[in-house]
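Below: one structure, written as structure tokens.
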Amino acid sequence: MSETATSGRGGPSTRARRIPALLTAGGLLVVAALFFFPMVWMVLSSFKSNAAIFASPFALPTSIDLGRWVEAWEVGQIGKYALNSAIVTGVSVLLILLLGAAAAFALSRYRFAGRAAILGLFALGLLLPLQSYFIAQSTLFNQLSITDTRLALIIPYTAMGLPLATYLLKVYLDALPEELFDAARIDGAGDFQLFRALALPLLRPGLATVAIFSALACWNEFLLALLYIQDDALKTIPTGLLAFSSRYVTDYALLFSALSIVTLPMIVIYVVFNRQIVEGITAGSLK
Amino acid sequence: MKPARAIAPYLFLAPALVVFGLAVMVPLVFTVGYSFTEWNGFGSMTFVGLDNYLTALTDPIFRDSFLHVLIYISATLVLEVGVGLGLAGVVSARPGTLWFRVAIFVPVMLPMVVVAILWSFVYNNDFGLINATLGALGLEGLQRVWLGDTSTALLAVSLVSGWVYAGFYMMIFYAAIRQIPSEVLEAARMDGAGEWVLFRRIKVPMIRNAIAIAVLLCVTGGFQGFDLFFVLTNGGPYGATEIPTTYLVKVVFRNGDVGYGSAMAVVLTAIVVGVGLVYARLQRRGQAGVTP
């Protein structure tokens, strides 16, 4: 690591401050360049022919032909998969936010029999791996004939997202002063009004955080999508792209284009909202 | 906080509990139930007691799959948590590293399947970046079929995981380092401590808690890893990258051995939840103490 580099100039106190500043920047630049090499290579290769990809992997493309991307978009049916992902993600996230906020409201603002047990249940939910339930879940979904429908993804995605959403939103609600709710109650607000007109608006920052990590988790989920959706018309981006890549297993140019199409918009969204996204993802994993 | 007034809290909780209960808790109970049976998913179910667990104990593939996942977890502890910590040390030592922090986090965003397909090309034998680089450097002797060689496949998959998550752990550690009171760091700088000493003697000890969280996430996440393995090697070559999650999907959904697969799922669940509970206990002790 470049931070340990010694300059050999000056005493120990100036040594660490001065010279390595440039060294650090240079070192980080090298690390970042190596790090991004696969992605840069992906985009460059997407403009090359298969023959050129094989002949000289490092060579720059001779021209930037977006026609290949159009072809990948159409042949790979990426629009269809993206739409499926958007529907499944959108509905799941909405449900997670709504049901999670309601559950958090109950757990934060009321004392009632069974409260501790329910808190414990959600705490367990934070730890449970997918493997603990997906075998019986798949037989259940088969019996209910909802495999190969969007519900087969929306239901488990919502269920998986709820414990963390509830927990985080409860932390937000716990931090709100009780007097706020008392005052509204004295003014005659009912339980539901307290939730809708007071709690939900105040929860907005928490809801945004939950929405970000839930949306990413749904958008990227692979295992359940693989098991529950065989119908190509309903596949989401991860499973759709995998099916595409096994159909066109040697058309590397086409696959590089498809990967670029899926990757670049996400990078753009990330760069624009990077602070919120980084906060959302880290909050979502730290629990 | 309001004392119980009739049914309001239960009404607010009901939708979440119904969804979570039906989609997670009921299947969880049934999975445990299946683990004591022999069942192919359709026909009649036979109760076999602990037979499936005894089979698991003597199944060499299952045993090896744990060995593999432990190697994978060890590798990712170095490549993700270790590298992340080192990078956090560097970026917290200098101003103007926002661009780097933003950049290194990018792969965390991407679907693992996309990452896996991309890296299957990076490792490709004919045009892949790694062999091409080695060739360009005149190191043809080191070229390999990285994912097809039993001695390199597991580490090759681990490296991809490191590529994705090093930036994630860097951000966790960076955020923790930012919480250290600046007077502490300034005082040490006044005393002539260089950045390396600052990192080793102050930053790392003071973010112990964040490091513990990171290790826990990496270990429990490692046991649940699936996507990269499924797309890159699906257990191959010759079972060299078979891990419990890939094996269990094969046993249940390819071989139709629901009972045995469920027993493996229960074992895996016990490990993940067990690690999580040990950690929760450590956390509570940590919070009671002085650790930030």
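Residues in the structure tokens are named by chain (A, B, ... in the order shown) and by number from 1 within that chain; ligands are numbered from 1 in the order shown.
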DSSP strand (DSSP E or B) selection over segment 7-133 of chain B, as a PyMOL selection string: chain B and resi 37-38+46-47
Considering only C-alpha atoms, tabulate each residue of chain A that lies at most 6 Å from chain B along with its nearest interatomic pair and the corresponding distance in Å to one decimal; arrange the rows by chain and ascending residue number and present them as JSON lines.
```
{"residue": "A:Ser13", "atom": "CA", "partner": "B:Gly192", "partner_atom": "CA", "distance": 4.8}
{"residue": "A:Ala16", "atom": "CA", "partner": "B:Gly194", "partner_atom": "CA", "distance": 4.9}
{"residue": "A:Phe54", "atom": "CA", "partner": "B:Phe127", "partner_atom": "CA", "distance": 5.1}
{"residue": "A:Pro57", "atom": "CA", "partner": "B:Phe127", "partner_atom": "CA", "distance": 5.7}
{"residue": "A:Leu99", "atom": "CA", "partner": "B:Ala16", "partner_atom": "CA", "distance": 5.2}
{"residue": "A:Ala102", "atom": "CA", "partner": "B:Phe12", "partner_atom": "CA", "distance": 5.0}
{"residue": "A:Ala103", "atom": "CA", "partner": "B:Leu13", "partner_atom": "CA", "distance": 4.5}
{"residue": "A:Ala106", "atom": "CA", "partner": "B:Pro9", "partner_atom": "CA", "distance": 4.7}
{"residue": "A:Arg109", "atom": "CA", "partner": "B:Met1", "partner_atom": "CA", "distance": 4.8}
{"residue": "A:Tyr110", "atom": "CA", "partner": "B:Lys2", "partner_atom": "CA", "distance": 4.6}
{"residue": "A:Arg111", "atom": "CA", "partner": "B:Pro3", "partner_atom": "CA", "distance": 4.8}
{"residue": "A:Phe112", "atom": "CA", "partner": "B:Ala4", "partner_atom": "CA", "distance": 4.8}
{"residue": "A:Leu127", "atom": "CA", "partner": "B:Val273", "partner_atom": "CA", "distance": 5.7}
{"residue": "A:Gln131", "atom": "CA", "partner": "B:Ala265", "partner_atom": "CA", "distance": 5.6}
{"residue": "A:Ser132", "atom": "CA", "partner": "B:Thr269", "partner_atom": "CA", "distance": 5.5}
{"residue": "A:Tyr133", "atom": "CA", "partner": "B:Leu28", "partner_atom": "CA", "distance": 4.3}
{"residue": "A:Ala136", "atom": "CA", "partner": "B:Pro27", "partner_atom": "CA", "distance": 4.7}
{"residue": "A:Gln137", "atom": "CA", "partner": "B:Pro27", "partner_atom": "CA", "distance": 5.1}
{"residue": "A:Pro156", "atom": "CA", "partner": "B:Ala23", "partner_atom": "CA", "distance": 5.9}
{"residue": "A:Ala159", "atom": "CA", "partner": "B:Phe20", "partner_atom": "CA", "distance": 4.7}
{"residue": "A:Asn220", "atom": "CA", "partner": "B:Pro111", "partner_atom": "CA", "distance": 4.5}
{"residue": "A:Pro238", "atom": "CA", "partner": "B:Val113", "partner_atom": "CA", "distance": 5.6}
```
Now that the selection is made, can you save its residues with C-alpha atoms as a PDB file, in the first residue's frame?
```pdb
ATOM      1  CA  SER A  13       6.972  13.925  10.964  1.00  0.00           C
ATOM      2  CA  ALA A  16       4.379  10.980   6.218  1.00  0.00           C
ATOM      3  CA  PHE A  54     -10.109 -13.156 -30.394  1.00  0.00           C
ATOM      4  CA  PRO A  57      -8.098  -8.618 -26.857  1.00  0.00           C
ATOM      5  CA  LEU A  99     -46.273  -2.911   5.143  1.00  0.00           C
ATOM      6  CA  ALA A 102     -47.245   0.091   9.245  1.00  0.00           C
ATOM      7  CA  ALA A 103     -45.539  -2.676  11.202  1.00  0.00           C
ATOM      8  CA  ALA A 106     -47.308  -0.465  15.590  1.00  0.00           C
ATOM      9  CA  ARG A 109     -45.943   3.556  19.141  1.00  0.00           C
ATOM     10  CA  TYR A 110     -47.946   0.912  20.991  1.00  0.00           C
ATOM     11  CA  ARG A 111     -47.485  -1.515  23.845  1.00  0.00           C
ATOM     12  CA  PHE A 112     -49.511  -4.682  23.357  1.00  0.00           C
ATOM     13  CA  LEU A 127     -30.571 -13.536  10.150  1.00  0.00           C
ATOM     14  CA  GLN A 131     -31.907 -21.560   2.113  1.00  0.00           C
ATOM     15  CA  SER A 132     -33.873 -21.930   5.344  1.00  0.00           C
ATOM     16  CA  TYR A 133     -37.212 -21.669   3.562  1.00  0.00           C
ATOM     17  CA  ALA A 136     -40.793 -25.604   1.056  1.00  0.00           C
ATOM     18  CA  GLN A 137     -41.628 -22.207  -0.439  1.00  0.00           C
ATOM     19  CA  PRO A 156     -40.902 -13.606  -1.425  1.00  0.00           C
ATOM     20  CA  ALA A 159     -41.350 -11.002   2.703  1.00  0.00           C
ATOM     21  CA  ASN A 220     -30.390  -8.056  -8.668  1.00  0.00           C
ATOM     22  CA  PRO A 238     -30.403 -11.585 -14.106  1.00  0.00           C
TER      23      PRO A 238
END
```
Residue list (helix (DSSP H, G or I), DSSP) for segment 8-133 of chain A, as a ChimeraX atom specification: /A:12-15,19-45,50-55,67-75,78-109,115-127,130-132
All residues 12 Å or closer to Glu74 of chain A, only C-alpha atoms, same chain fewer than 5 positions away omitted, as a list in words: Gly67, Arg68, Trp69, Gly79, Lys80, Tyr81, Phe244, Leu254, Ser257, Ala258 and Ile261 of chain A
Who sits within 12 Å of Ile277 of chain A, only C-alpha atoms, same chain under 3 positions skipped, as a list in words: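 So, after excluding close chain neighbours, the residues are Ala208, Thr209, Val210, Ala211, Ile212, Phe213, Ser214, Ala215, Leu216, Met266, Ile267, Ile269, Tyr270, Val271, Val272, Phe273, Asn274, Gly280, Ile281, Thr282, Ala283 and Gly284 of chain A; Val102, Phe105, Val106, Val108, Met109, Phe168 and Met171 of chain B.
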File of the preceding selection, C-alpha atoms, as an mmCIF file, in the first residue's frame:
```cif
data_model
loop_
_atom_site.group_PDB
_atom_site.id
_atom_site.type_symbol
_atom_site.label_atom_id
_atom_site.label_comp_id
_atom_site.auth_asym_id
_atom_site.auth_seq_id
_atom_site.Cartn_x
_atom_site.Cartn_y
_atom_site.Cartn_z
ATOM 1 C CA ALA A 208 -35.939 6.590 0.930
ATOM 2 C CA THR A 209 -33.110 4.567 2.483
ATOM 3 C CA VAL A 210 -35.247 1.440 2.643
ATOM 4 C CA ALA A 211 -36.423 1.987 -0.942
ATOM 5 C CA ILE A 212 -32.852 2.166 -2.218
ATOM 6 C CA PHE A 213 -31.515 -1.043 -0.746
ATOM 7 C CA SER A 214 -34.767 -2.929 -1.286
ATOM 8 C CA ALA A 215 -34.893 -1.895 -4.928
ATOM 9 C CA LEU A 216 -31.322 -3.000 -5.540
ATOM 10 C CA MET A 266 -26.820 1.552 -13.462
ATOM 11 C CA ILE A 267 -23.462 3.271 -13.258
ATOM 12 C CA ILE A 269 -27.770 6.309 -11.812
ATOM 13 C CA TYR A 270 -25.158 5.469 -9.209
ATOM 14 C CA VAL A 271 -22.909 8.391 -10.067
ATOM 15 C CA VAL A 272 -25.841 10.818 -9.869
ATOM 16 C CA PHE A 273 -27.194 9.489 -6.579
ATOM 17 C CA ASN A 274 -23.992 8.018 -5.181
ATOM 18 C CA GLY A 280 -28.694 3.162 1.612
ATOM 19 C CA ILE A 281 -26.669 0.054 0.866
ATOM 20 C CA THR A 282 -24.432 0.335 3.919
ATOM 21 C CA ALA A 283 -27.401 1.052 6.203
ATOM 22 C CA GLY A 284 -29.140 -1.923 4.642
ATOM 23 C CA VAL B 102 -17.235 6.591 -5.573
ATOM 24 C CA PHE B 105 -18.119 1.053 -4.966
ATOM 25 C CA VAL B 106 -19.531 0.644 -8.505
ATOM 26 C CA VAL B 108 -21.658 -3.443 -5.531
ATOM 27 C CA MET B 109 -24.523 -1.986 -7.561
ATOM 28 C CA PHE B 168 -18.258 -1.994 0.014
ATOM 29 C CA MET B 171 -17.005 2.435 2.633
#
```
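The residue that comes closest to Ile177 of chain B, out of B:Gly239, B:Pro205, B:Gly225, B:Gly162 and on the basis of only C-alpha atoms, is B:Pro205.
Each of A:Pro38, A:Pro129, A:Pro201, A:Gly161 was checked against Ser92 of chain A using only C-alpha atoms; the smallest atom-to-atom distance is that of A:Gly161.
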Pick from B:Leu232, B:Ala280, B:Ala56, B:Val69 nearest to Gly148 of chain B, counting only C-alpha atoms: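 Ranking B:Leu232, B:Ala280, B:Ala56, B:Val69 by distance to Gly148 of chain B, first place goes to B:Leu232.
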Long-range neighbours of Lys170 of chain A as a VMD selection string, 12 Å cut-off, only C-alpha atoms, 4 positions minimum in chain: chain A and resid 100 to 110 119 122 162 to 166 174 to 176 199 to 200 203 206 to 207 210 287
One-decimal distance in Å that lies between atom CA of Gln77 of chain A and atom CA of Leu255 of chain A: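 Here the two named atoms are 12.1 Å from each other.
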Interatomic distance (Å, one decimal) between atom CA of Asp187 of chain A and atom CA of Arg204 of chain A: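 Separating atom CA of Asp187 of chain A from atom CA of Arg204 of chain A is a distance of 23.1 Å.
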Between atom CA of Val171 of chain A and atom CA of Thr158 of chain A, distance in Å (one decimal):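 Answer for the atom CA of Val171 of chain A to atom CA of Thr158 of chain A separation: 19.7 Å.
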B:Ala166, B:Leu98, B:Leu154, B:Val204 ranked by distance to Ile71 of chain B, top pick (using only C-alpha atoms): B:Leu154
